[in-house]
>>> print(open('query_2.txt').read())   # compact mmCIF, C-alpha atoms and all ligand atoms
# COMPACT_ATOMS: atom_id res chain seq x y z
CA MET A 1 -29.64 73.20 -81.45
CA SER A 2 -26.71 70.99 -80.48
CA ASN A 3 -26.32 69.61 -76.97
CA LYS A 4 -22.97 71.28 -76.65
CA HIS A 5 -24.40 74.69 -77.35
CA LEU A 6 -27.19 74.22 -74.80
CA LEU A 7 -24.72 73.10 -72.13
CA ALA A 8 -22.56 76.16 -72.67
CA ARG A 9 -25.59 78.45 -72.48
CA SER A 10 -26.78 76.72 -69.31
CA LEU A 11 -23.41 77.12 -67.62
CA GLN A 12 -23.36 80.79 -68.64
CA SER A 13 -26.84 81.67 -67.40
CA VAL A 14 -28.26 79.08 -64.99
CA TRP A 15 -27.05 78.68 -61.41
CA HIS A 16 -27.90 75.01 -60.78
CA PRO A 17 -29.20 73.85 -57.37
CA CYS A 18 -27.16 72.00 -54.76
CA THR A 19 -24.07 72.28 -56.98
CA GLN A 20 -20.52 73.58 -56.80
CA MET A 21 -20.68 74.99 -60.32
CA LYS A 22 -16.92 74.57 -60.88
CA GLN A 23 -17.41 70.79 -60.81
CA HIS A 24 -19.12 71.11 -64.18
CA GLU A 25 -15.68 71.72 -65.67
CA THR A 26 -15.23 67.95 -65.29
CA PHE A 27 -18.78 66.58 -64.91
CA PRO A 28 -20.92 67.68 -67.86
CA LEU A 29 -24.56 68.66 -67.38
CA ILE A 30 -27.06 66.29 -68.96
CA PRO A 31 -29.44 68.09 -71.34
CA ILE A 32 -32.84 66.41 -71.13
CA GLN A 33 -35.32 66.89 -73.94
CA ARG A 34 -38.19 64.61 -73.00
CA GLY A 35 -39.35 61.98 -70.54
CA VAL A 36 -41.53 58.91 -71.04
CA GLY A 37 -42.40 56.49 -68.21
CA VAL A 38 -39.23 55.87 -66.18
CA TRP A 39 -36.98 57.15 -68.98
CA LEU A 40 -35.37 60.54 -69.60
CA TYR A 41 -34.06 61.24 -73.13
CA ASP A 42 -31.36 63.69 -74.15
CA ALA A 43 -31.20 65.45 -77.52
CA ASP A 44 -29.06 62.66 -79.03
CA GLY A 45 -31.58 59.99 -78.06
CA GLN A 46 -29.41 58.64 -75.22
CA ARG A 47 -31.73 57.56 -72.43
CA TYR A 48 -31.44 57.33 -68.63
CA LEU A 49 -33.63 55.34 -66.25
CA ASP A 50 -34.86 57.82 -63.62
CA ALA A 51 -34.18 55.71 -60.49
CA VAL A 52 -34.63 58.71 -58.18
CA SER A 53 -37.99 59.90 -59.60
CA SER A 54 -36.46 63.27 -60.56
CA TRP A 55 -35.46 64.06 -56.96
CA TRP A 56 -38.34 62.15 -55.36
CA VAL A 57 -41.19 64.04 -57.03
CA ASN A 58 -42.39 61.77 -59.83
CA LEU A 59 -44.93 59.08 -58.92
CA PHE A 60 -46.31 57.42 -62.05
CA GLY A 61 -43.63 58.10 -64.64
CA HIS A 62 -43.09 60.94 -67.07
CA GLN A 63 -45.93 61.81 -69.50
CA GLU A 64 -48.66 60.33 -67.31
CA PRO A 65 -51.78 60.90 -69.45
CA ARG A 66 -54.37 61.59 -66.72
CA ILE A 67 -52.28 64.24 -64.96
CA LYS A 68 -51.32 65.83 -68.27
CA ASP A 69 -54.94 66.00 -69.41
CA ALA A 70 -56.12 67.44 -66.08
CA ILE A 71 -53.62 70.30 -66.33
CA LYS A 72 -54.59 70.98 -69.97
CA LEU A 73 -58.28 71.06 -69.08
CA GLN A 74 -57.70 73.44 -66.18
CA LEU A 75 -55.60 75.66 -68.42
CA ASP A 76 -58.66 76.33 -70.57
CA SER A 77 -60.63 77.87 -67.68
CA LEU A 78 -58.37 79.40 -65.02
CA GLU A 79 -54.58 79.39 -64.73
CA HIS A 80 -54.37 81.31 -61.48
CA VAL A 81 -56.18 83.61 -59.09
CA MET A 82 -55.08 84.89 -55.69
CA LEU A 83 -56.37 82.78 -52.82
CA ALA A 84 -56.83 85.61 -50.31
CA GLY A 85 -60.45 86.72 -50.65
CA PHE A 86 -61.03 84.30 -53.56
CA THR A 87 -61.50 80.57 -53.98
CA HIS A 88 -61.93 78.02 -56.77
CA GLU A 89 -63.09 74.45 -57.32
CA PRO A 90 -59.68 72.73 -57.61
CA VAL A 91 -58.37 74.06 -54.27
CA VAL A 92 -61.63 73.25 -52.46
CA ALA A 93 -61.86 69.75 -53.92
CA LEU A 94 -58.20 69.07 -53.13
CA SER A 95 -58.56 70.28 -49.54
CA GLU A 96 -61.61 68.05 -49.02
CA LYS A 97 -59.80 65.01 -50.43
CA LEU A 98 -56.62 65.60 -48.41
CA SER A 99 -58.70 66.04 -45.25
CA GLU A 100 -60.50 62.79 -45.93
CA LEU A 101 -57.22 60.95 -46.47
CA THR A 102 -55.34 62.35 -43.46
CA GLY A 103 -58.09 63.05 -40.92
CA LEU A 104 -56.69 66.60 -40.61
CA SER A 105 -59.38 69.09 -41.48
CA HIS A 106 -57.77 72.32 -42.70
CA ALA A 107 -55.30 72.77 -45.57
CA PHE A 108 -52.90 75.70 -46.10
CA TYR A 109 -50.92 75.89 -49.36
CA ALA A 110 -47.53 76.96 -50.68
CA SER A 111 -45.31 75.90 -53.56
CA ASP A 112 -42.30 74.08 -52.09
CA GLY A 113 -41.50 71.68 -49.31
CA ALA A 114 -39.36 74.13 -47.37
CA SER A 115 -42.23 76.64 -47.37
CA ALA A 116 -44.50 73.95 -45.91
CA THR A 117 -41.99 73.41 -43.11
CA GLU A 118 -41.91 77.16 -42.43
CA ILE A 119 -45.71 77.28 -42.32
CA ALA A 120 -46.00 74.35 -39.89
CA LEU A 121 -43.35 75.85 -37.57
CA LYS A 122 -44.95 79.31 -37.63
CA MET A 123 -48.46 77.92 -37.14
CA SER A 124 -47.37 75.81 -34.18
CA PHE A 125 -45.64 78.73 -32.44
CA HIS A 126 -48.58 81.05 -33.20
CA TYR A 127 -51.08 78.50 -31.88
CA TRP A 128 -49.39 78.43 -28.48
CA ARG A 129 -49.11 82.22 -28.51
CA ASN A 130 -52.83 82.59 -29.23
CA LEU A 131 -53.46 80.25 -26.29
CA GLY A 132 -51.46 82.54 -23.97
CA LEU A 133 -48.27 80.45 -24.04
CA PRO A 134 -45.84 82.74 -25.92
CA GLY A 135 -42.84 81.08 -24.23
CA LYS A 136 -43.21 77.98 -26.41
CA THR A 137 -40.73 79.15 -29.07
CA GLN A 138 -38.42 76.16 -29.59
CA PHE A 139 -38.49 73.29 -32.06
CA ILE A 140 -36.81 69.91 -31.92
CA SER A 141 -36.06 67.41 -34.66
CA LEU A 142 -34.08 64.21 -35.17
CA LYS A 143 -30.34 63.92 -35.69
CA ASN A 144 -29.60 63.82 -39.45
CA SER A 145 -33.05 65.19 -40.22
CA TYR A 146 -33.80 67.18 -43.38
CA HIS A 147 -36.70 69.62 -43.59
CA GLY A 148 -35.63 72.01 -46.37
CA GLU A 149 -33.16 74.83 -46.89
CA THR A 150 -34.83 78.12 -46.09
CA LEU A 151 -33.57 79.58 -42.80
CA GLY A 152 -36.38 78.28 -40.58
CA ALA A 153 -36.38 74.85 -42.19
CA LEU A 154 -32.57 74.70 -42.08
CA SER A 155 -32.70 75.46 -38.35
CA VAL A 156 -34.48 72.15 -37.73
CA THR A 157 -32.40 70.32 -40.35
CA ASP A 158 -29.29 68.43 -39.20
CA VAL A 159 -27.19 67.80 -42.31
CA ALA A 160 -23.79 69.42 -41.84
CA ILE A 161 -22.97 70.06 -45.50
CA PHE A 162 -26.15 72.10 -46.01
CA LYS A 163 -26.21 73.72 -42.59
CA ASP A 164 -22.74 74.53 -41.26
CA THR A 165 -22.01 77.47 -43.58
CA TYR A 166 -25.22 79.20 -42.56
CA ALA A 167 -25.04 78.36 -38.84
CA PRO A 168 -24.67 82.02 -37.77
CA LEU A 169 -28.03 82.78 -39.40
CA LEU A 170 -29.99 79.95 -37.81
CA ARG A 171 -32.04 79.52 -34.63
CA PRO A 172 -30.50 77.01 -32.27
CA SER A 173 -32.51 73.81 -32.14
CA ALA A 174 -31.92 70.49 -30.38
CA HIS A 175 -31.68 67.23 -32.31
CA MET A 176 -32.94 64.05 -30.67
CA PRO A 177 -31.24 60.64 -31.15
CA SER A 178 -32.38 59.19 -34.47
CA PRO A 179 -34.19 55.83 -34.34
CA ASP A 180 -32.34 54.93 -37.60
CA PHE A 181 -31.97 51.19 -36.98
CA ARG A 182 -28.48 51.05 -38.45
CA LEU A 183 -27.45 52.68 -35.16
CA ALA A 184 -28.83 49.88 -32.98
CA GLU A 185 -26.40 47.93 -30.80
CA PRO A 186 -25.43 44.49 -32.12
CA GLY A 187 -28.28 42.14 -31.23
CA GLU A 188 -30.70 44.97 -30.47
CA THR A 189 -33.91 44.87 -32.54
CA ALA A 190 -35.12 47.89 -34.54
CA GLU A 191 -38.08 48.08 -32.17
CA ALA A 192 -35.99 47.97 -28.98
CA TYR A 193 -33.69 50.62 -30.39
CA ALA A 194 -36.66 52.82 -31.38
CA LEU A 195 -38.01 52.54 -27.83
CA ARG A 196 -34.59 53.50 -26.43
CA CYS A 197 -34.59 56.61 -28.66
CA ALA A 198 -38.16 57.42 -27.60
CA ALA A 199 -37.04 57.28 -23.96
CA ALA A 200 -34.32 59.84 -24.77
CA LEU A 201 -36.96 62.00 -26.48
CA GLU A 202 -39.12 61.83 -23.36
CA ASP A 203 -36.18 62.83 -21.13
CA TYR A 204 -35.64 65.94 -23.23
CA VAL A 205 -39.29 66.87 -23.69
CA SER A 206 -40.16 66.40 -20.02
CA ALA A 207 -37.37 68.82 -19.07
CA HIS A 208 -38.02 71.45 -21.77
CA HIS A 209 -41.73 71.31 -22.66
CA ALA A 210 -42.42 74.82 -21.35
CA GLU A 211 -40.26 76.24 -24.17
CA LEU A 212 -41.17 73.63 -26.82
CA ALA A 213 -43.69 74.38 -29.55
CA ALA A 214 -43.19 71.31 -31.75
CA PHE A 215 -41.26 68.18 -32.61
CA ILE A 216 -40.83 67.81 -36.39
CA ILE A 217 -40.04 64.37 -37.82
CA GLU A 218 -39.77 62.58 -41.16
CA PRO A 219 -41.89 59.49 -40.39
CA ILE A 220 -40.44 56.01 -41.13
CA VAL A 221 -37.69 57.11 -43.59
CA GLN A 222 -35.27 60.02 -43.14
CA CYS A 223 -34.56 60.24 -46.84
CA ALA A 224 -31.83 62.87 -47.11
CA ALA A 225 -29.96 61.23 -44.22
CA GLY A 226 -29.34 58.33 -46.61
CA MET A 227 -32.69 56.52 -46.44
CA ALA A 228 -32.41 55.95 -42.67
CA MET A 229 -35.38 53.80 -41.64
CA HIS A 230 -37.01 53.36 -38.26
CA HIS A 231 -39.59 51.19 -36.53
CA PRO A 232 -43.13 52.68 -36.42
CA ILE A 233 -43.28 52.22 -32.63
CA TYR A 234 -41.17 55.38 -32.44
CA LEU A 235 -44.01 57.42 -33.96
CA GLN A 236 -46.53 55.98 -31.51
CA ARG A 237 -44.31 56.78 -28.53
CA ALA A 238 -43.51 60.25 -29.89
CA ARG A 239 -47.26 60.93 -30.20
CA GLU A 240 -47.85 59.88 -26.60
CA ILE A 241 -44.94 61.97 -25.33
CA CYS A 242 -46.06 65.04 -27.31
CA THR A 243 -49.61 64.68 -25.99
CA THR A 244 -48.43 64.27 -22.38
CA TYR A 245 -46.22 67.36 -22.50
CA GLN A 246 -48.35 69.56 -24.79
CA VAL A 247 -45.95 69.74 -27.69
CA HIS A 248 -47.09 69.55 -31.33
CA LEU A 249 -45.97 66.73 -33.57
CA ILE A 250 -45.28 67.79 -37.16
CA ALA A 251 -45.04 64.93 -39.68
CA ASP A 252 -42.84 66.00 -42.59
CA GLU A 253 -44.10 63.63 -45.30
CA ILE A 254 -42.76 65.79 -48.12
CA SER A 255 -40.75 62.86 -49.52
CA VAL A 256 -42.48 59.82 -47.96
CA GLY A 257 -46.11 60.79 -48.65
CA PHE A 258 -48.26 59.41 -51.48
CA GLY A 259 -47.31 55.77 -51.24
CA ARG A 260 -43.51 55.81 -51.22
CA THR A 261 -43.17 53.70 -48.07
CA GLY A 262 -45.97 51.26 -48.93
CA THR A 263 -48.85 53.07 -47.21
CA MET A 264 -50.48 56.23 -48.59
CA PHE A 265 -48.81 58.21 -45.79
CA ALA A 266 -45.92 56.88 -43.70
CA CYS A 267 -47.74 57.77 -40.44
CA GLU A 268 -50.30 55.09 -41.34
CA GLN A 269 -47.72 52.47 -40.37
CA ALA A 270 -48.21 53.63 -36.78
CA ALA A 271 -51.90 54.65 -36.74
CA ALA A 272 -55.04 54.17 -38.85
CA LYS A 273 -54.94 57.81 -39.96
CA VAL A 274 -52.27 60.52 -40.02
CA SER A 275 -54.37 62.41 -37.45
CA GLY A 276 -53.66 59.61 -34.95
CA ILE A 277 -49.98 60.62 -34.98
CA ALA A 278 -49.60 64.20 -36.18
CA ASP A 279 -51.02 67.64 -35.39
CA PHE A 280 -49.60 68.87 -38.70
CA ILE A 281 -48.58 67.11 -41.89
CA CYS A 282 -46.34 68.73 -44.53
CA LEU A 283 -46.88 67.48 -48.09
CA SER A 284 -45.19 68.34 -51.37
CA LYS A 285 -43.01 66.52 -53.96
CA GLY A 286 -45.31 63.65 -55.12
CA ILE A 287 -48.49 65.62 -54.41
CA THR A 288 -48.80 66.63 -58.09
CA GLY A 289 -47.32 63.38 -59.40
CA GLY A 290 -44.14 65.37 -60.04
CA TYR A 291 -45.77 67.79 -62.49
CA LEU A 292 -45.99 71.19 -60.80
CA PRO A 293 -44.69 72.81 -57.61
CA LEU A 294 -47.23 72.58 -54.78
CA SER A 295 -47.07 72.03 -51.05
CA ALA A 296 -49.68 71.80 -48.33
CA VAL A 297 -49.80 71.81 -44.55
CA LEU A 298 -52.83 70.12 -43.02
CA THR A 299 -53.78 70.54 -39.40
CA THR A 300 -56.53 69.88 -36.86
CA ASP A 301 -59.68 71.81 -36.14
CA THR A 302 -58.25 72.50 -32.66
CA VAL A 303 -55.33 74.40 -34.20
CA TYR A 304 -57.60 76.15 -36.70
CA GLN A 305 -60.02 77.32 -33.98
CA ALA A 306 -57.20 78.94 -31.97
CA PHE A 307 -56.70 81.39 -34.87
CA TYR A 308 -60.42 82.03 -35.48
CA ASP A 309 -61.05 85.38 -33.78
CA ASP A 310 -62.18 89.00 -34.19
CA SER A 311 -58.53 90.03 -33.83
CA THR A 312 -56.69 90.19 -37.19
CA VAL A 313 -53.29 89.42 -35.70
CA LYS A 314 -54.57 86.21 -34.15
CA GLY A 315 -55.09 85.04 -37.73
CA PHE A 316 -52.37 83.33 -39.72
CA LEU A 317 -51.07 86.25 -41.82
CA HIS A 318 -48.79 84.20 -44.04
CA SER A 319 -48.95 83.93 -47.82
CA HIS A 320 -47.14 83.07 -51.03
CA SER A 321 -48.15 84.55 -54.37
CA TYR A 322 -48.97 81.19 -55.94
CA THR A 323 -50.78 79.78 -52.88
CA GLY A 324 -53.35 77.22 -54.09
CA ASN A 325 -52.48 77.57 -57.77
CA PRO A 326 -55.34 75.97 -59.78
CA LEU A 327 -53.09 74.21 -62.30
CA ALA A 328 -51.05 72.59 -59.52
CA CYS A 329 -54.23 71.67 -57.62
CA SER A 330 -55.69 70.06 -60.74
CA ALA A 331 -52.51 67.97 -61.13
CA ALA A 332 -52.84 66.94 -57.46
CA LEU A 333 -56.51 66.02 -57.94
CA ALA A 334 -55.59 63.86 -60.94
CA THR A 335 -52.87 62.21 -58.84
CA LEU A 336 -55.36 61.40 -56.07
CA ALA A 337 -57.87 60.16 -58.67
CA ILE A 338 -55.28 57.65 -59.88
CA PHE A 339 -54.87 56.38 -56.30
CA ALA A 340 -58.67 56.16 -55.98
CA ASP A 341 -59.33 54.41 -59.30
CA GLU A 342 -56.35 52.09 -59.60
CA PRO A 343 -54.83 49.59 -57.12
CA VAL A 344 -51.62 51.65 -56.91
CA LEU A 345 -50.47 50.50 -53.47
CA GLU A 346 -51.24 46.84 -54.22
CA LYS A 347 -49.34 47.03 -57.50
CA ASN A 348 -46.44 48.73 -55.74
CA GLN A 349 -46.33 45.87 -53.24
CA ALA A 350 -45.75 43.42 -56.08
CA THR A 351 -43.11 45.71 -57.62
CA ALA A 352 -41.41 46.16 -54.24
CA THR A 353 -41.30 42.39 -53.70
CA TYR A 354 -39.80 41.87 -57.14
CA LEU A 355 -37.24 44.60 -56.47
CA LYS A 356 -36.34 43.02 -53.14
CA ASN A 357 -35.88 39.55 -54.62
CA GLN A 358 -33.78 40.77 -57.53
CA ALA A 359 -31.69 43.05 -55.28
CA ALA A 360 -30.56 39.97 -53.33
CA GLY A 361 -28.01 39.56 -56.14
CA LEU A 362 -26.23 42.73 -54.99
CA ALA A 363 -24.96 40.78 -51.98
CA GLU A 364 -21.89 39.81 -54.03
CA LEU A 365 -20.79 43.45 -53.72
CA PRO A 366 -19.23 44.91 -50.54
CA ILE A 367 -22.51 46.23 -49.12
CA GLN A 368 -24.29 46.31 -45.77
CA HIS A 369 -27.63 47.37 -44.27
CA LEU A 370 -29.73 46.39 -47.29
CA ARG A 371 -33.10 47.86 -46.30
CA GLN A 372 -36.47 48.60 -47.84
CA GLN A 373 -39.70 50.40 -47.08
CA GLY A 374 -42.22 50.00 -49.89
CA MET A 375 -40.83 51.59 -53.04
CA ILE A 376 -37.61 52.77 -51.39
CA LEU A 377 -34.70 50.33 -51.34
CA ALA A 378 -31.24 51.29 -50.06
CA PHE A 379 -27.91 49.83 -48.97
CA ASP A 380 -24.54 51.14 -47.85
CA VAL A 381 -21.41 50.44 -49.89
CA VAL A 382 -18.30 49.61 -47.87
CA THR A 383 -15.43 51.41 -49.54
CA ALA A 384 -12.49 53.63 -48.69
CA GLN A 385 -12.96 55.54 -51.97
CA PRO A 386 -13.49 59.16 -50.79
CA HIS A 387 -15.35 60.24 -53.95
CA PHE A 388 -17.57 57.18 -54.14
CA ALA A 389 -20.87 59.06 -54.56
CA GLN A 390 -19.63 61.23 -57.45
CA ARG A 391 -17.90 58.32 -59.17
CA CYS A 392 -20.90 56.03 -58.82
CA TYR A 393 -23.21 58.76 -60.17
CA ALA A 394 -20.93 59.27 -63.20
CA GLU A 395 -20.51 55.53 -63.85
CA ALA A 396 -24.27 54.98 -63.61
CA LEU A 397 -24.90 57.69 -66.22
CA LYS A 398 -22.55 55.85 -68.59
CA GLN A 399 -24.77 52.79 -68.07
CA GLY A 400 -27.94 54.78 -68.86
CA LEU A 401 -29.05 55.14 -65.25
CA LEU A 402 -29.80 58.22 -63.15
CA LEU A 403 -28.64 57.21 -59.66
CA ARG A 404 -27.66 59.75 -57.00
CA PRO A 405 -25.92 58.07 -54.06
CA ILE A 406 -25.92 59.95 -50.75
CA GLY A 407 -22.44 59.44 -49.33
CA HIS A 408 -21.95 55.67 -49.33
CA THR A 409 -25.67 54.97 -49.50
CA VAL A 410 -27.00 53.82 -52.85
CA TYR A 411 -30.78 53.92 -53.09
CA PHE A 412 -33.63 53.41 -55.51
CA MET A 413 -36.83 55.45 -55.40
CA PRO A 414 -38.17 54.82 -58.92
CA PRO A 415 -41.50 55.91 -60.40
CA TYR A 416 -44.21 53.37 -59.53
CA SER A 417 -44.65 52.50 -63.21
CA ILE A 418 -41.27 50.72 -63.34
CA SER A 419 -41.59 47.28 -65.01
CA PRO A 420 -39.76 44.08 -64.02
CA VAL A 421 -37.53 44.41 -67.10
CA GLU A 422 -36.68 47.96 -66.06
CA VAL A 423 -35.97 46.83 -62.48
CA ASP A 424 -33.53 44.26 -63.88
CA PHE A 425 -31.87 46.91 -66.03
CA MET A 426 -31.61 49.25 -63.01
CA LEU A 427 -29.96 46.58 -60.84
CA THR A 428 -27.49 45.43 -63.49
CA ALA A 429 -26.47 49.01 -64.29
CA THR A 430 -26.13 49.77 -60.56
CA SER A 431 -23.98 46.73 -59.97
CA ASN A 432 -21.69 47.70 -62.85
CA ALA A 433 -21.52 51.32 -61.70
CA ILE A 434 -20.60 50.33 -58.15
CA LYS A 435 -17.85 47.97 -59.33
CA HIS A 436 -16.31 50.79 -61.38
CA ALA A 437 -16.68 53.36 -58.60
CA LEU A 438 -15.20 51.38 -55.68
C1 LIG B 501 -37.30 67.66 -50.16
C2 LIG B 501 -37.69 67.76 -48.73
C3 LIG B 501 -38.00 69.00 -48.15
C4 LIG B 501 -37.87 70.30 -48.90
O1 LIG B 501 -38.70 70.38 -50.01
P1 LIG B 501 -38.33 71.43 -51.18
O2 LIG B 501 -39.49 71.37 -52.12
O3 LIG B 501 -37.05 70.92 -51.78
O4 LIG B 501 -38.16 72.75 -50.54
C5 LIG B 501 -38.41 69.01 -46.84
N1 LIG B 501 -38.52 67.88 -46.13
C6 LIG B 501 -38.24 66.67 -46.65
C7 LIG B 501 -38.41 65.45 -45.81
C8 LIG B 501 -37.78 66.57 -47.96
O5 LIG B 501 -37.44 65.38 -48.47
>>> encode(input="query_2.txt", output="structure tokens", more="lines below")
Ligand SMILES: *Cc1c(COP(=O)(O)O)cnc(C)c1O
Amino acid sequence: MSNKHLLARSLQSVWHPCTQMKQHETFPLIPIQRGVGVWLYDADGQRYLDAVSSWWVNLFGHQEPRIKDAIKLQLDSLEHVMLAGFTHEPVVALSEKLSELTGLSHAFYASDGASATEIALKMSFHYWRNLGLPGKTQFISLKNSYHGETLGALSVTDVAIFKDTYAPLLRPSAHMPSPDFRLAEPGETAEAYALRCAAALEDYVSAHHAELAAFIIEPIVQCAAGMAMHHPIYLQRAREICTTYQVHLIADEISVGFGRTGTMFACEQAAAKVSGIADFICLSKGITGGYLPLSAVLTTDTVYQAFYDDSTVKGFLHSHSYTGNPLACSAALATLAIFADEPVLEKNQATATYLKNQAAGLAELPIQHLRQQGMILAFDVVTAQPHFAQRCYAEALKQGLLLRPIGHTVYFMPPYSISPVEVDFMLTATSNAIKHAL
């Protein structure tokens, strides 16, 4: 079947995500037929380097044999069973492993990141209610935060283009100053600025804690904000403030979990284990290596025990049909097995250093705030071109590169399997794309 025919059928029948469909009158869809390693191939054999890990989900490249085999093996015994009243080996094994890794002892499952956000928010509110504090109904987050697009998640999100249209449907929620170190005063260190933002957080929390259930934060990198990075001291101070004023801290590691920022979880840059920072962690995206939809919320035994009661309504009566899907859990187990058996984080450190050294060459372009956390590298392009992001995306595709700038921020979040030769290709193509898009 020709590409052209497939594109026409897609535009007729598929409503694509995060897209003004009319733009496809001028920007064609890209029909992908297969993926191998960091490469995506279309039907004509044209290939694109997947510099954004297929929207931040892929960890080890496309067609990773261990994950593929684990799903195939699981498929031969059990594809799915409901998780209310039933259980199975993959979900139990995964919960045990995630508990071990995070120090948070109980895992609740869903299929998407936004659902994980909803679960953490509902659980936090319900915890306080079960404790006899039903007035703790409010949530706070950071300015420019992103926690997903369902109504509850959008309420704690602060990205105008996604949020403003739906504002009448959303719960009001306060957004704290972001420790994004691009916002520091000239001469102010990232750490000093983070401490200044933490002081502002404390001012708010100390005044409003009676109504506050939880503070939700993307630790270390606010990805959708344009890879805004902050100093880990902010997480330590936020933990102390939340403890002092009896407010939960929810770590949304949906995009930064599973090694993206250099540590297995971003919270580990501020504490030995996630449990030293967070009462809840939301995980998704990389959890299955980018193979199948799965999300998880892990929390403490303290939270769990507040729901454990003879009363049914004190329990957490929340569910999704595919909760704990065995195929997705088997992909997640294979992903964790790769981390356990191979020096993934050490290898990434070498790749990240290579990327950093080679990216120094981009300094000839009009860029600022070149920044990096592990396998995420970003910079801001200085240009008056109002359609820079679209133009850069289109120019990159012509160069065989899938790059998706956020506003004036160009970033790389490639699969960990990227080779030095592929890094070089990515940087050269990016440099060319930017020059054409300015
Ligand atoms: C992507 C993302 C979400 C939402 O996940 P979906 O699977 O797209 O619903 C939530 N929080 C963060 C930090 C994300 O990056």
>>> axis_aligned_box(input="query_2.txt", around="ligand LIG 501 (chain B)", padding_each_side="4 Å", output="AutoDock Vina command-line options")
--center_x -38.3 --center_y 69.1 --center_z -49.0 --size_x 10.4 --size_y 15.4 --size_z 14.3
>>> residues_near_point(input="query_2.txt", point="(-22.8, 42.2, -55.4)", cutoff="12 Å", atoms="all atoms listed in the file", output="number ranges by chain")
A: 358-368, 370, 379-382, 427-435, 438
>>> residues_near_ligand(input="query_2.txt", ligand="ligand LIG 501 (chain B)", cutoff="7 Å", atoms="only C-alpha atoms and all ligand atoms", output="JSON, numbers by chain")
{"A": [112, 113, 114, 115, 117, 146, 147, 148, 149, 218, 222, 223, 224, 252, 253, 254, 255, 284, 285]}
>>> atom_distance(input="query_2.txt", atom1="atom CA of Leu345 of chain A", atom2="atom CA of Gly61 of chain A")
15.1 Å
>>> atom_distance(input="query_2.txt", atom1="atom CA of Gln20 of chain A", atom2="atom CA of Ala437 of chain A")
20.7 Å
>>> decode(input="query_2.txt", residues="segment 182-192 of chain A", atoms="N, CA, C and O atoms", output="mmCIF file, in the first residue's frame")
data_model
loop_
_atom_site.group_PDB
_atom_site.id
_atom_site.type_symbol
_atom_site.label_atom_id
_atom_site.label_comp_id
_atom_site.auth_asym_id
_atom_site.auth_seq_id
_atom_site.Cartn_x
_atom_site.Cartn_y
_atom_site.Cartn_z
ATOM 1 N N ARG A 182 17.064 28.758 34.989
ATOM 2 C CA ARG A 182 17.147 29.841 33.998
ATOM 3 C C ARG A 182 16.563 31.133 34.560
ATOM 4 O O ARG A 182 16.804 32.220 34.050
ATOM 5 N N LEU A 183 15.718 30.988 35.607
ATOM 6 C CA LEU A 183 15.030 32.153 36.166
ATOM 7 C C LEU A 183 15.807 32.819 37.296
ATOM 8 O O LEU A 183 15.344 33.796 37.889
ATOM 9 N N ALA A 184 16.996 32.286 37.599
ATOM 10 C CA ALA A 184 17.819 32.879 38.659
ATOM 11 C C ALA A 184 18.255 34.290 38.263
ATOM 12 O O ALA A 184 18.353 34.619 37.071
ATOM 13 N N GLU A 185 18.496 35.133 39.281
ATOM 14 C CA GLU A 185 19.033 36.472 39.012
ATOM 15 C C GLU A 185 20.464 36.329 38.494
ATOM 16 O O GLU A 185 21.145 35.352 38.826
ATOM 17 N N PRO A 186 20.934 37.303 37.707
ATOM 18 C CA PRO A 186 22.336 37.249 37.265
ATOM 19 C C PRO A 186 23.257 37.125 38.486
ATOM 20 O O PRO A 186 23.074 37.851 39.474
ATOM 21 N N GLY A 187 24.157 36.174 38.435
ATOM 22 C CA GLY A 187 25.095 35.979 39.548
ATOM 23 C C GLY A 187 24.583 35.053 40.638
ATOM 24 O O GLY A 187 25.349 34.610 41.482
ATOM 25 N N GLU A 188 23.294 34.754 40.620
ATOM 26 C CA GLU A 188 22.727 33.862 41.636
ATOM 27 C C GLU A 188 22.966 32.410 41.215
ATOM 28 O O GLU A 188 22.705 32.058 40.058
ATOM 29 N N THR A 189 23.421 31.553 42.139
ATOM 30 C CA THR A 189 23.653 30.154 41.763
ATOM 31 C C THR A 189 22.315 29.418 41.687
ATOM 32 O O THR A 189 21.303 29.866 42.247
ATOM 33 N N ALA A 190 22.346 28.257 40.996
ATOM 34 C CA ALA A 190 21.141 27.417 40.895
ATOM 35 C C ALA A 190 20.663 27.026 42.295
ATOM 36 O O ALA A 190 19.464 26.991 42.579
ATOM 37 N N GLU A 191 21.637 26.760 43.180
ATOM 38 C CA GLU A 191 21.300 26.334 44.535
ATOM 39 C C GLU A 191 20.654 27.482 45.330
ATOM 40 O O GLU A 191 19.631 27.294 45.988
ATOM 41 N N ALA A 192 21.236 28.663 45.233
ATOM 42 C CA ALA A 192 20.684 29.820 45.959
ATOM 43 C C ALA A 192 19.277 30.124 45.452
ATOM 44 O O ALA A 192 18.359 30.431 46.235
#
